[in-house]
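Pasting start.cif here (mmCIF, N, CA and C atoms):
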```cif
data_query
loop_
_atom_site.label_atom_id
_atom_site.label_comp_id
_atom_site.auth_asym_id
_atom_site.auth_seq_id
_atom_site.Cartn_x
_atom_site.Cartn_y
_atom_site.Cartn_z
N MET G 1 361.59 201.48 61.62
CA MET G 1 361.84 200.10 61.95
C MET G 1 361.28 199.77 63.34
N LYS G 2 361.48 200.70 64.29
CA LYS G 2 360.96 200.47 65.64
C LYS G 2 359.43 200.36 65.62
N ILE G 3 358.80 201.13 64.79
CA ILE G 3 357.33 201.09 64.68
C ILE G 3 356.88 199.72 64.19
N LYS G 4 357.59 199.15 63.22
CA LYS G 4 357.23 197.83 62.70
C LYS G 4 357.39 196.76 63.79
N ILE G 5 358.43 196.87 64.58
CA ILE G 5 358.64 195.90 65.66
C ILE G 5 357.54 196.03 66.71
N VAL G 6 357.19 197.25 67.07
CA VAL G 6 356.13 197.48 68.05
C VAL G 6 354.80 196.96 67.51
N LEU G 7 354.49 197.24 66.25
CA LEU G 7 353.25 196.74 65.64
C LEU G 7 353.23 195.22 65.60
N PHE G 8 354.39 194.62 65.29
CA PHE G 8 354.48 193.16 65.26
C PHE G 8 354.23 192.59 66.66
N MET G 9 354.78 193.21 67.69
CA MET G 9 354.58 192.75 69.07
C MET G 9 353.11 192.89 69.48
N ILE G 10 352.48 193.98 69.10
CA ILE G 10 351.06 194.18 69.41
C ILE G 10 350.22 193.11 68.72
N LEU G 11 350.55 192.82 67.47
CA LEU G 11 349.84 191.77 66.73
C LEU G 11 349.99 190.41 67.41
N LEU G 12 351.18 190.08 67.88
CA LEU G 12 351.40 188.82 68.60
C LEU G 12 350.58 188.75 69.88
N ILE G 13 350.50 189.86 70.59
CA ILE G 13 349.72 189.89 71.84
C ILE G 13 348.25 189.68 71.53
N ILE G 14 347.75 190.34 70.52
CA ILE G 14 346.34 190.18 70.14
C ILE G 14 346.03 188.75 69.73
N ILE G 15 346.90 188.15 68.96
CA ILE G 15 346.71 186.76 68.53
C ILE G 15 346.72 185.82 69.74
N SER G 16 347.64 186.03 70.66
CA SER G 16 347.71 185.15 71.83
C SER G 16 346.48 185.30 72.71
N ILE G 17 345.92 186.49 72.81
CA ILE G 17 344.70 186.70 73.60
C ILE G 17 343.52 186.03 72.91
N CYS G 18 343.43 186.16 71.60
CA CYS G 18 342.31 185.57 70.85
C CYS G 18 342.36 184.05 70.84
N CYS G 19 343.50 183.47 70.98
CA CYS G 19 343.66 182.01 70.95
C CYS G 19 343.94 181.47 72.34
N SER G 20 343.17 181.94 73.31
CA SER G 20 343.40 181.50 74.68
C SER G 20 342.93 180.07 74.87
N LYS G 21 343.19 179.53 76.04
CA LYS G 21 342.82 178.15 76.37
C LYS G 21 341.31 177.95 76.30
N GLU G 22 340.52 178.98 76.56
CA GLU G 22 339.07 178.89 76.50
C GLU G 22 338.59 178.50 75.11
N ASP G 23 339.37 178.84 74.08
CA ASP G 23 338.98 178.53 72.71
C ASP G 23 339.41 177.13 72.29
N ALA G 24 340.00 176.39 73.19
CA ALA G 24 340.48 175.05 72.85
C ALA G 24 339.29 174.16 72.48
N VAL G 25 339.54 173.19 71.65
CA VAL G 25 338.50 172.27 71.22
C VAL G 25 338.11 171.39 72.41
N ILE G 26 336.81 171.30 72.66
CA ILE G 26 336.30 170.48 73.75
C ILE G 26 335.97 169.11 73.19
N PRO G 27 336.53 168.03 73.76
CA PRO G 27 336.22 166.69 73.25
C PRO G 27 334.74 166.36 73.40
N GLU G 28 334.20 165.64 72.40
CA GLU G 28 332.78 165.31 72.36
C GLU G 28 332.60 163.80 72.37
N PHE G 29 331.68 163.29 73.22
CA PHE G 29 331.52 161.85 73.40
C PHE G 29 330.06 161.44 73.49
N SER G 30 329.82 160.17 73.15
CA SER G 30 328.57 159.51 73.54
C SER G 30 328.78 159.07 74.99
N ILE G 31 327.76 158.50 75.61
CA ILE G 31 327.90 158.03 77.00
C ILE G 31 328.96 156.93 77.08
N ASP G 32 328.88 155.94 76.20
CA ASP G 32 329.86 154.84 76.22
C ASP G 32 331.28 155.35 75.98
N GLU G 33 331.44 156.27 75.02
CA GLU G 33 332.76 156.82 74.74
C GLU G 33 333.29 157.60 75.94
N PHE G 34 332.41 158.33 76.62
CA PHE G 34 332.80 159.08 77.82
C PHE G 34 333.34 158.14 78.89
N LYS G 35 332.65 157.03 79.11
CA LYS G 35 333.09 156.08 80.14
C LYS G 35 334.45 155.48 79.78
N THR G 36 334.65 155.15 78.52
CA THR G 36 335.94 154.63 78.08
C THR G 36 337.03 155.69 78.31
N TYR G 37 336.73 156.93 77.98
CA TYR G 37 337.66 158.04 78.15
C TYR G 37 338.07 158.21 79.61
N CYS G 38 337.09 158.12 80.52
CA CYS G 38 337.37 158.35 81.95
C CYS G 38 337.99 157.15 82.64
N TYR G 39 337.62 155.95 82.23
CA TYR G 39 338.08 154.75 82.92
C TYR G 39 339.25 154.08 82.20
N SER G 40 339.97 154.82 81.37
CA SER G 40 341.09 154.22 80.64
C SER G 40 342.28 153.92 81.55
N GLY G 41 342.29 154.48 82.74
CA GLY G 41 343.38 154.22 83.69
C GLY G 41 342.82 153.58 84.95
N ASN G 42 343.36 153.97 86.06
CA ASN G 42 342.95 153.43 87.36
C ASN G 42 341.61 154.03 87.78
N ALA G 43 340.71 153.21 88.33
CA ALA G 43 339.42 153.69 88.83
C ALA G 43 339.24 153.34 90.30
N ASP G 44 340.33 153.13 91.03
CA ASP G 44 340.24 152.81 92.45
C ASP G 44 339.89 154.06 93.25
N CYS G 45 339.21 153.86 94.37
CA CYS G 45 338.85 154.98 95.23
C CYS G 45 340.09 155.76 95.65
N GLY G 46 339.91 157.06 95.75
CA GLY G 46 341.01 157.92 96.18
C GLY G 46 341.99 158.28 95.09
N THR G 47 341.85 157.65 93.92
CA THR G 47 342.76 157.92 92.80
C THR G 47 341.97 158.67 91.72
N PRO G 48 342.46 159.81 91.26
CA PRO G 48 341.72 160.54 90.22
C PRO G 48 341.56 159.70 88.95
N LEU G 49 340.41 159.86 88.32
CA LEU G 49 340.15 159.20 87.04
C LEU G 49 341.00 159.85 85.95
N SER G 50 341.16 159.13 84.85
CA SER G 50 341.80 159.74 83.69
C SER G 50 340.95 160.94 83.27
N HIS G 51 341.54 162.06 83.09
CA HIS G 51 340.89 163.27 82.59
C HIS G 51 339.96 163.95 83.60
N GLU G 52 340.03 163.55 84.86
CA GLU G 52 339.20 164.21 85.87
C GLU G 52 339.53 165.70 85.92
N GLY G 53 338.51 166.54 85.96
CA GLY G 53 338.69 167.99 85.98
C GLY G 53 338.65 168.64 84.61
N GLU G 54 338.65 167.84 83.55
CA GLU G 54 338.60 168.39 82.19
C GLU G 54 337.16 168.75 81.81
N LYS G 55 337.06 169.68 80.88
CA LYS G 55 335.76 170.06 80.31
C LYS G 55 335.51 169.19 79.08
N VAL G 56 334.31 168.58 79.02
CA VAL G 56 333.95 167.72 77.89
C VAL G 56 332.50 167.99 77.49
N LYS G 57 332.17 167.54 76.29
CA LYS G 57 330.79 167.59 75.80
C LYS G 57 330.31 166.16 75.64
N VAL G 58 329.11 165.88 76.18
CA VAL G 58 328.52 164.55 76.08
C VAL G 58 327.15 164.68 75.44
N ILE G 59 326.88 163.78 74.49
CA ILE G 59 325.60 163.77 73.80
C ILE G 59 324.82 162.54 74.26
N GLY G 60 323.57 162.75 74.67
CA GLY G 60 322.76 161.65 75.14
C GLY G 60 321.29 162.02 75.17
N TYR G 61 320.50 161.12 75.74
CA TYR G 61 319.05 161.25 75.76
C TYR G 61 318.54 161.31 77.19
N VAL G 62 317.52 162.17 77.41
CA VAL G 62 316.95 162.37 78.74
C VAL G 62 315.44 162.23 78.63
N HIS G 63 314.82 161.67 79.67
CA HIS G 63 313.36 161.71 79.75
C HIS G 63 312.94 162.07 81.16
N ALA G 64 311.69 162.44 81.33
CA ALA G 64 311.22 163.04 82.57
C ALA G 64 311.40 162.15 83.80
N LEU G 65 311.29 160.84 83.66
CA LEU G 65 311.42 159.96 84.82
C LEU G 65 312.83 159.96 85.41
N ASN G 66 313.79 160.42 84.67
CA ASN G 66 315.17 160.41 85.15
C ASN G 66 315.73 161.82 85.34
N THR G 67 314.86 162.71 85.78
CA THR G 67 315.29 164.05 86.19
C THR G 67 314.94 164.20 87.67
N PHE G 68 315.88 164.67 88.46
CA PHE G 68 315.72 164.74 89.91
C PHE G 68 316.11 166.13 90.42
N PRO G 69 315.24 167.12 90.19
CA PRO G 69 315.60 168.50 90.56
C PRO G 69 315.82 168.68 92.06
N THR G 70 315.14 167.91 92.91
CA THR G 70 315.32 168.09 94.35
C THR G 70 316.68 167.61 94.82
N SER G 71 317.31 166.71 94.06
CA SER G 71 318.67 166.28 94.41
C SER G 71 319.70 166.80 93.39
N SER G 72 319.29 167.77 92.57
CA SER G 72 320.19 168.47 91.63
C SER G 72 320.96 167.53 90.72
N ARG G 73 320.23 166.64 90.04
CA ARG G 73 320.88 165.71 89.12
C ARG G 73 319.86 165.18 88.12
N PHE G 74 320.37 164.64 87.02
CA PHE G 74 319.54 163.93 86.05
C PHE G 74 320.40 162.91 85.34
N HIS G 75 319.76 161.96 84.68
CA HIS G 75 320.48 160.91 83.97
C HIS G 75 320.36 161.11 82.47
N MET G 76 321.46 160.82 81.78
CA MET G 76 321.46 160.79 80.31
C MET G 76 321.75 159.35 79.89
N PHE G 77 321.11 158.94 78.80
CA PHE G 77 321.29 157.59 78.27
C PHE G 77 321.94 157.66 76.90
N ASP G 78 322.58 156.56 76.50
CA ASP G 78 323.30 156.50 75.22
C ASP G 78 322.34 156.51 74.02
N SER G 79 321.11 156.05 74.23
CA SER G 79 320.11 156.09 73.16
C SER G 79 318.75 156.33 73.80
N SER G 80 317.71 156.28 73.03
CA SER G 80 316.37 156.54 73.56
C SER G 80 315.78 155.27 74.19
N SER G 81 316.56 154.64 75.04
CA SER G 81 316.14 153.45 75.77
C SER G 81 316.83 153.45 77.14
N MET G 82 316.09 153.09 78.17
CA MET G 82 316.68 153.01 79.50
C MET G 82 317.55 151.77 79.66
N LEU G 83 317.61 150.92 78.64
CA LEU G 83 318.42 149.71 78.70
C LEU G 83 319.85 149.95 78.24
N THR G 84 320.16 151.17 77.81
CA THR G 84 321.51 151.50 77.34
C THR G 84 322.32 152.13 78.48
N SER G 85 323.58 152.42 78.21
CA SER G 85 324.46 153.03 79.22
C SER G 85 323.89 154.34 79.72
N ARG G 86 324.12 154.61 81.00
CA ARG G 86 323.58 155.79 81.66
C ARG G 86 324.71 156.58 82.31
N LEU G 87 324.57 157.90 82.32
CA LEU G 87 325.53 158.79 82.97
C LEU G 87 324.76 159.77 83.84
N GLU G 88 325.21 159.93 85.06
CA GLU G 88 324.57 160.91 85.94
C GLU G 88 325.21 162.27 85.75
N ILE G 89 324.35 163.27 85.56
CA ILE G 89 324.78 164.66 85.42
C ILE G 89 324.42 165.37 86.71
N LYS G 90 325.41 165.97 87.35
CA LYS G 90 325.18 166.72 88.59
C LYS G 90 325.07 168.21 88.27
N VAL G 91 324.21 168.89 89.00
CA VAL G 91 324.02 170.32 88.82
C VAL G 91 324.55 171.01 90.07
N SER G 92 325.58 171.84 89.91
CA SER G 92 326.22 172.46 91.07
C SER G 92 325.71 173.86 91.38
N LYS G 93 325.18 174.55 90.38
CA LYS G 93 324.69 175.93 90.55
C LYS G 93 323.52 176.15 89.59
N ASN G 94 322.75 177.18 89.84
CA ASN G 94 321.66 177.60 88.95
C ASN G 94 320.70 176.45 88.61
N GLU G 95 320.35 175.67 89.63
CA GLU G 95 319.50 174.50 89.42
C GLU G 95 318.18 174.85 88.74
N ASN G 96 317.52 175.93 89.19
CA ASN G 96 316.22 176.29 88.62
C ASN G 96 316.31 176.54 87.13
N GLU G 97 317.31 177.30 86.71
CA GLU G 97 317.46 177.63 85.29
C GLU G 97 317.78 176.39 84.46
N ILE G 98 318.64 175.53 85.01
CA ILE G 98 319.03 174.32 84.27
C ILE G 98 317.83 173.39 84.10
N PHE G 99 317.09 173.14 85.17
CA PHE G 99 315.95 172.23 85.04
C PHE G 99 314.82 172.86 84.24
N LYS G 100 314.67 174.18 84.29
CA LYS G 100 313.67 174.85 83.46
C LYS G 100 314.00 174.63 81.99
N LYS G 101 315.27 174.75 81.64
CA LYS G 101 315.68 174.53 80.25
C LYS G 101 315.46 173.07 79.84
N LEU G 102 315.77 172.13 80.73
CA LEU G 102 315.53 170.71 80.43
C LEU G 102 314.04 170.47 80.16
N TYR G 103 313.19 170.99 81.05
CA TYR G 103 311.76 170.71 80.95
C TYR G 103 311.10 171.38 79.76
N THR G 104 311.71 172.41 79.20
CA THR G 104 311.13 173.00 77.98
C THR G 104 311.30 172.08 76.78
N CYS G 105 312.25 171.14 76.86
CA CYS G 105 312.52 170.23 75.75
C CYS G 105 312.07 168.79 76.00
N ILE G 106 311.61 168.49 77.21
CA ILE G 106 311.18 167.14 77.55
C ILE G 106 309.66 167.08 77.53
N ASP G 107 309.11 166.03 76.93
CA ASP G 107 307.67 165.81 76.92
C ASP G 107 307.26 165.15 78.23
N THR G 108 306.81 165.95 79.19
CA THR G 108 306.47 165.42 80.51
C THR G 108 305.12 164.69 80.50
N SER G 109 304.33 164.81 79.43
CA SER G 109 303.07 164.08 79.37
C SER G 109 303.29 162.62 78.96
N ASP G 110 304.41 162.35 78.30
CA ASP G 110 304.76 160.98 77.89
C ASP G 110 306.09 160.64 78.54
N TYR G 111 306.02 159.94 79.66
CA TYR G 111 307.22 159.67 80.44
C TYR G 111 308.22 158.75 79.75
N MET G 112 307.83 158.12 78.68
CA MET G 112 308.77 157.26 77.97
C MET G 112 309.38 157.96 76.76
N SER G 113 309.01 159.20 76.54
CA SER G 113 309.54 159.98 75.43
C SER G 113 310.90 160.56 75.82
N PHE G 114 311.90 160.34 74.97
CA PHE G 114 313.25 160.84 75.22
C PHE G 114 313.52 162.08 74.37
N SER G 115 314.35 162.97 74.88
CA SER G 115 314.82 164.13 74.14
C SER G 115 316.34 164.10 74.11
N LYS G 116 316.90 164.47 72.95
CA LYS G 116 318.35 164.44 72.78
C LYS G 116 318.95 165.77 73.25
N PHE G 117 320.05 165.68 74.00
CA PHE G 117 320.73 166.86 74.55
C PHE G 117 322.23 166.73 74.37
N GLU G 118 322.89 167.89 74.37
CA GLU G 118 324.34 167.98 74.51
C GLU G 118 324.58 168.71 75.82
N VAL G 119 325.45 168.17 76.65
CA VAL G 119 325.84 168.89 77.87
C VAL G 119 327.35 169.09 77.84
N THR G 120 327.77 170.25 78.28
CA THR G 120 329.20 170.57 78.36
C THR G 120 329.50 170.88 79.81
N GLY G 121 330.33 170.06 80.42
CA GLY G 121 330.63 170.25 81.83
C GLY G 121 331.99 169.69 82.20
N ILE G 122 332.24 169.68 83.48
CA ILE G 122 333.53 169.25 84.03
C ILE G 122 333.40 167.80 84.52
N ILE G 123 334.39 166.98 84.21
CA ILE G 123 334.42 165.60 84.71
C ILE G 123 334.76 165.63 86.18
N GLU G 124 333.93 164.96 86.98
CA GLU G 124 334.17 164.86 88.42
C GLU G 124 334.17 163.39 88.79
N GLY G 125 335.11 163.01 89.62
CA GLY G 125 335.16 161.65 90.14
C GLY G 125 334.67 161.62 91.57
N THR G 126 333.92 160.58 91.91
CA THR G 126 333.42 160.40 93.27
C THR G 126 333.63 158.95 93.68
N ASP G 127 334.14 158.74 94.89
CA ASP G 127 334.34 157.38 95.40
C ASP G 127 332.99 156.73 95.68
N LEU G 128 332.80 155.51 95.18
CA LEU G 128 331.55 154.78 95.33
C LEU G 128 331.81 153.42 95.97
N PRO G 129 331.61 153.31 97.29
CA PRO G 129 331.78 152.00 97.93
C PRO G 129 330.72 151.02 97.43
N ILE G 130 331.15 149.84 97.01
CA ILE G 130 330.25 148.80 96.51
C ILE G 130 330.62 147.50 97.20
N ASN G 131 329.69 146.97 98.03
CA ASN G 131 329.94 145.76 98.82
C ASN G 131 331.25 145.92 99.60
N ASP G 132 332.21 145.03 99.39
CA ASP G 132 333.48 145.12 100.10
C ASP G 132 334.56 145.81 99.26
N ASN G 133 334.15 146.48 98.20
CA ASN G 133 335.08 147.09 97.27
C ASN G 133 334.76 148.58 97.15
N CYS G 134 335.59 149.32 96.44
CA CYS G 134 335.33 150.73 96.21
C CYS G 134 335.90 151.11 94.84
N LYS G 135 335.09 151.74 94.03
CA LYS G 135 335.52 152.23 92.72
C LYS G 135 335.18 153.71 92.63
N ARG G 136 335.89 154.40 91.78
CA ARG G 136 335.64 155.83 91.55
C ARG G 136 334.71 155.97 90.35
N GLY G 137 333.60 156.67 90.55
CA GLY G 137 332.63 156.88 89.48
C GLY G 137 332.85 158.20 88.77
N ALA G 138 332.50 158.25 87.49
CA ALA G 138 332.65 159.46 86.69
C ALA G 138 331.29 160.13 86.50
N PHE G 139 331.26 161.44 86.68
CA PHE G 139 330.06 162.24 86.52
C PHE G 139 330.41 163.49 85.74
N ILE G 140 329.41 164.18 85.24
CA ILE G 140 329.58 165.50 84.63
C ILE G 140 328.92 166.50 85.55
N VAL G 141 329.57 167.64 85.79
CA VAL G 141 329.02 168.68 86.64
C VAL G 141 328.72 169.91 85.78
N LEU G 142 327.47 170.39 85.89
CA LEU G 142 327.03 171.60 85.17
C LEU G 142 326.86 172.73 86.17
N SER G 143 327.08 173.96 85.71
CA SER G 143 326.89 175.10 86.60
C SER G 143 325.99 176.19 86.02
N ASN G 144 325.61 176.09 84.74
CA ASN G 144 324.64 177.05 84.21
C ASN G 144 323.89 176.47 83.01
N GLU G 145 322.76 177.09 82.70
CA GLU G 145 321.87 176.58 81.65
C GLU G 145 322.47 176.65 80.25
N ASN G 146 323.50 177.45 80.05
CA ASN G 146 324.14 177.53 78.73
C ASN G 146 324.97 176.29 78.42
N GLU G 147 325.16 175.42 79.41
CA GLU G 147 325.93 174.19 79.19
C GLU G 147 325.04 173.05 78.68
N ILE G 148 323.76 173.35 78.44
CA ILE G 148 322.81 172.36 77.90
C ILE G 148 322.29 172.87 76.57
N ASN G 149 322.34 172.01 75.56
CA ASN G 149 321.77 172.35 74.25
C ASN G 149 320.97 171.18 73.73
#
```

Do you think you could lay out the structure here as structure tokens?
Amino acid sequence: MKIKIVLFMILLIIISICCSKEDAVIPEFSIDEFKTYCYSGNADCGTPLSHEGEKVKVIGYVHALNTFPTSSRFHMFDSSSMLTSRLEIKVSKNENEIFKKLYTCIDTSDYMSFSKFEVTGIIEGTDLPINDNCKRGAFIVLSNENEIN
């Protein structure tokens, strides 16, 4: 009987390790859906956005004119048009590898050609003073090339 209890406890431990928080489902959004998700509450400066610090997946379009490796960022659009919603993606680490991966999928000979990407990163809020007002902006932060598909 003691052996069965010990085996049952070991099984519970294994299951709890296998089902850790890392295996949790990551929410997936378009650019517009992401903005709705982040700005569903208060967006005043100094106040965290809804879901700030969470890991999310965003699907969007990138083209060569909106990649800025020297400032470690690039823009994603909701569709293959610069007239749609835009989201800035910040790169916090491994910039060379991340931009190398981006450029392998972007047609740099045709600057108006868009490529579709999925990025998985952390929501970061940054205070953005605008005229006499201040709002908190939502960004995605990437730290390695495996967060881009």

- For Ser50 in chain G, which of G:Pro69, G:Phe29, G:Cys38, G:Ser92 is the closest residue, counting all atoms listed in the file?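 The closest residue to Ser50 in chain G is G:Cys38.
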
- Message: For a test of reading the model, state the distance in Å between atom N of Ser40 in chain G and atom N of Ile148 in chain G, rounded to one decimal.
- Response: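 Pair atom N of Ser40 in chain G / atom N of Ile148 in chain G returns 24.8 Å.
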
- From G:Asp132, G:Glu147, G:Asp32, G:Glu52, residue lying nearest Val119 in chain G [all atoms listed in the file]: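 Using all atoms listed in the file, the shortest distance to Val119 in chain G belongs to G:Glu147.
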
- Item | Protein, DNA and RNA residues within 6.5 Å of (321.6, 163.3, 88.9), all atoms listed in the file, as a list in words |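 The requested residues, written out, are Phe68, Ser71, Ser72, Arg73, Phe74, His75, Glu88, Ile89, Lys90 and Val91 of chain G.
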
- Taking (340.9, 150.2, 92.5) in the file's coordinates as the center, which residues reach within 7 Å of it, counting only C-alpha atoms, put as number ranges by chain? G: 42-45, 134-135

Could you pull out the residues in chain G that DSSP calls alpha helix (DSSP H) from the backbone, as a PDB file with N, CA and C atoms, keeping the file's coordinate frame?
```
ATOM      1  N   LYS G   2     361.480 200.700  64.290  1.00  0.00           N
ATOM      2  CA  LYS G   2     360.960 200.470  65.640  1.00  0.00           C
ATOM      3  C   LYS G   2     359.430 200.360  65.620  1.00  0.00           C
ATOM      4  N   ILE G   3     358.800 201.130  64.790  1.00  0.00           N
ATOM      5  CA  ILE G   3     357.330 201.090  64.680  1.00  0.00           C
ATOM      6  C   ILE G   3     356.880 199.720  64.190  1.00  0.00           C
ATOM      7  N   LYS G   4     357.590 199.150  63.220  1.00  0.00           N
ATOM      8  CA  LYS G   4     357.230 197.830  62.700  1.00  0.00           C
ATOM      9  C   LYS G   4     357.390 196.760  63.790  1.00  0.00           C
ATOM     10  N   ILE G   5     358.430 196.870  64.580  1.00  0.00           N
ATOM     11  CA  ILE G   5     358.640 195.900  65.660  1.00  0.00           C
ATOM     12  C   ILE G   5     357.540 196.030  66.710  1.00  0.00           C
ATOM     13  N   VAL G   6     357.190 197.250  67.070  1.00  0.00           N
ATOM     14  CA  VAL G   6     356.130 197.480  68.050  1.00  0.00           C
ATOM     15  C   VAL G   6     354.800 196.960  67.510  1.00  0.00           C
ATOM     16  N   LEU G   7     354.490 197.240  66.250  1.00  0.00           N
ATOM     17  CA  LEU G   7     353.250 196.740  65.640  1.00  0.00           C
ATOM     18  C   LEU G   7     353.230 195.220  65.600  1.00  0.00           C
ATOM     19  N   PHE G   8     354.390 194.620  65.290  1.00  0.00           N
ATOM     20  CA  PHE G   8     354.480 193.160  65.260  1.00  0.00           C
ATOM     21  C   PHE G   8     354.230 192.590  66.660  1.00  0.00           C
ATOM     22  N   MET G   9     354.780 193.210  67.690  1.00  0.00           N
ATOM     23  CA  MET G   9     354.580 192.750  69.070  1.00  0.00           C
ATOM     24  C   MET G   9     353.110 192.890  69.480  1.00  0.00           C
ATOM     25  N   ILE G  10     352.480 193.980  69.100  1.00  0.00           N
ATOM     26  CA  ILE G  10     351.060 194.180  69.410  1.00  0.00           C
ATOM     27  C   ILE G  10     350.220 193.110  68.720  1.00  0.00           C
ATOM     28  N   LEU G  11     350.550 192.820  67.470  1.00  0.00           N
ATOM     29  CA  LEU G  11     349.840 191.770  66.730  1.00  0.00           C
ATOM     30  C   LEU G  11     349.990 190.410  67.410  1.00  0.00           C
ATOM     31  N   LEU G  12     351.180 190.080  67.880  1.00  0.00           N
ATOM     32  CA  LEU G  12     351.400 188.820  68.600  1.00  0.00           C
ATOM     33  C   LEU G  12     350.580 188.750  69.880  1.00  0.00           C
ATOM     34  N   ILE G  13     350.500 189.860  70.590  1.00  0.00           N
ATOM     35  CA  ILE G  13     349.720 189.890  71.840  1.00  0.00           C
ATOM     36  C   ILE G  13     348.250 189.680  71.530  1.00  0.00           C
ATOM     37  N   ILE G  14     347.750 190.340  70.520  1.00  0.00           N
ATOM     38  CA  ILE G  14     346.340 190.180  70.140  1.00  0.00           C
ATOM     39  C   ILE G  14     346.030 188.750  69.730  1.00  0.00           C
ATOM     40  N   ILE G  15     346.900 188.150  68.960  1.00  0.00           N
ATOM     41  CA  ILE G  15     346.710 186.760  68.530  1.00  0.00           C
ATOM     42  C   ILE G  15     346.720 185.820  69.740  1.00  0.00           C
ATOM     43  N   SER G  16     347.640 186.030  70.660  1.00  0.00           N
ATOM     44  CA  SER G  16     347.710 185.150  71.830  1.00  0.00           C
ATOM     45  C   SER G  16     346.480 185.300  72.710  1.00  0.00           C
ATOM     46  N   ILE G  17     345.920 186.490  72.810  1.00  0.00           N
ATOM     47  CA  ILE G  17     344.700 186.700  73.600  1.00  0.00           C
ATOM     48  C   ILE G  17     343.520 186.030  72.910  1.00  0.00           C
ATOM     49  N   CYS G  18     343.430 186.160  71.600  1.00  0.00           N
ATOM     50  CA  CYS G  18     342.310 185.570  70.850  1.00  0.00           C
ATOM     51  C   CYS G  18     342.360 184.050  70.840  1.00  0.00           C
ATOM     52  N   ILE G  31     327.760 158.500  75.610  1.00  0.00           N
ATOM     53  CA  ILE G  31     327.900 158.030  77.000  1.00  0.00           C
ATOM     54  C   ILE G  31     328.960 156.930  77.080  1.00  0.00           C
ATOM     55  N   ASP G  32     328.880 155.940  76.200  1.00  0.00           N
ATOM     56  CA  ASP G  32     329.860 154.840  76.220  1.00  0.00           C
ATOM     57  C   ASP G  32     331.280 155.350  75.980  1.00  0.00           C
ATOM     58  N   GLU G  33     331.440 156.270  75.020  1.00  0.00           N
ATOM     59  CA  GLU G  33     332.760 156.820  74.740  1.00  0.00           C
ATOM     60  C   GLU G  33     333.290 157.600  75.940  1.00  0.00           C
ATOM     61  N   PHE G  34     332.410 158.330  76.620  1.00  0.00           N
ATOM     62  CA  PHE G  34     332.800 159.080  77.820  1.00  0.00           C
ATOM     63  C   PHE G  34     333.340 158.140  78.890  1.00  0.00           C
ATOM     64  N   LYS G  35     332.650 157.030  79.110  1.00  0.00           N
ATOM     65  CA  LYS G  35     333.090 156.080  80.140  1.00  0.00           C
ATOM     66  C   LYS G  35     334.450 155.480  79.780  1.00  0.00           C
ATOM     67  N   THR G  36     334.650 155.150  78.520  1.00  0.00           N
ATOM     68  CA  THR G  36     335.940 154.630  78.080  1.00  0.00           C
ATOM     69  C   THR G  36     337.030 155.690  78.310  1.00  0.00           C
ATOM     70  N   TYR G  37     336.730 156.930  77.980  1.00  0.00           N
ATOM     71  CA  TYR G  37     337.660 158.040  78.150  1.00  0.00           C
ATOM     72  C   TYR G  37     338.070 158.210  79.610  1.00  0.00           C
ATOM     73  N   CYS G  38     337.090 158.120  80.520  1.00  0.00           N
ATOM     74  CA  CYS G  38     337.370 158.350  81.950  1.00  0.00           C
ATOM     75  C   CYS G  38     337.990 157.150  82.640  1.00  0.00           C
ATOM     76  N   GLU G  95     320.350 175.670  89.630  1.00  0.00           N
ATOM     77  CA  GLU G  95     319.500 174.500  89.420  1.00  0.00           C
ATOM     78  C   GLU G  95     318.180 174.850  88.740  1.00  0.00           C
ATOM     79  N   ASN G  96     317.520 175.930  89.190  1.00  0.00           N
ATOM     80  CA  ASN G  96     316.220 176.290  88.620  1.00  0.00           C
ATOM     81  C   ASN G  96     316.310 176.540  87.130  1.00  0.00           C
ATOM     82  N   GLU G  97     317.310 177.300  86.710  1.00  0.00           N
ATOM     83  CA  GLU G  97     317.460 177.630  85.290  1.00  0.00           C
ATOM     84  C   GLU G  97     317.780 176.390  84.460  1.00  0.00           C
ATOM     85  N   ILE G  98     318.640 175.530  85.010  1.00  0.00           N
ATOM     86  CA  ILE G  98     319.030 174.320  84.270  1.00  0.00           C
ATOM     87  C   ILE G  98     317.830 173.390  84.100  1.00  0.00           C
ATOM     88  N   PHE G  99     317.090 173.140  85.170  1.00  0.00           N
ATOM     89  CA  PHE G  99     315.950 172.230  85.040  1.00  0.00           C
ATOM     90  C   PHE G  99     314.820 172.860  84.240  1.00  0.00           C
ATOM     91  N   LYS G 100     314.670 174.180  84.290  1.00  0.00           N
ATOM     92  CA  LYS G 100     313.670 174.850  83.460  1.00  0.00           C
ATOM     93  C   LYS G 100     314.000 174.630  81.990  1.00  0.00           C
ATOM     94  N   LYS G 101     315.270 174.750  81.640  1.00  0.00           N
ATOM     95  CA  LYS G 101     315.680 174.530  80.250  1.00  0.00           C
ATOM     96  C   LYS G 101     315.460 173.070  79.840  1.00  0.00           C
ATOM     97  N   LEU G 102     315.770 172.130  80.730  1.00  0.00           N
ATOM     98  CA  LEU G 102     315.530 170.710  80.430  1.00  0.00           C
ATOM     99  C   LEU G 102     314.040 170.470  80.160  1.00  0.00           C
ATOM    100  N   TYR G 103     313.190 170.990  81.050  1.00  0.00           N
ATOM    101  CA  TYR G 103     311.760 170.710  80.950  1.00  0.00           C
ATOM    102  C   TYR G 103     311.100 171.380  79.760  1.00  0.00           C
ATOM    103  N   THR G 104     311.710 172.410  79.200  1.00  0.00           N
ATOM    104  CA  THR G 104     311.130 173.000  77.980  1.00  0.00           C
ATOM    105  C   THR G 104     311.300 172.080  76.780  1.00  0.00           C
ATOM    106  N   CYS G 105     312.250 171.140  76.860  1.00  0.00           N
ATOM    107  CA  CYS G 105     312.520 170.230  75.750  1.00  0.00           C
ATOM    108  C   CYS G 105     312.070 168.790  76.000  1.00  0.00           C
TER     109      CYS G 105
END
```
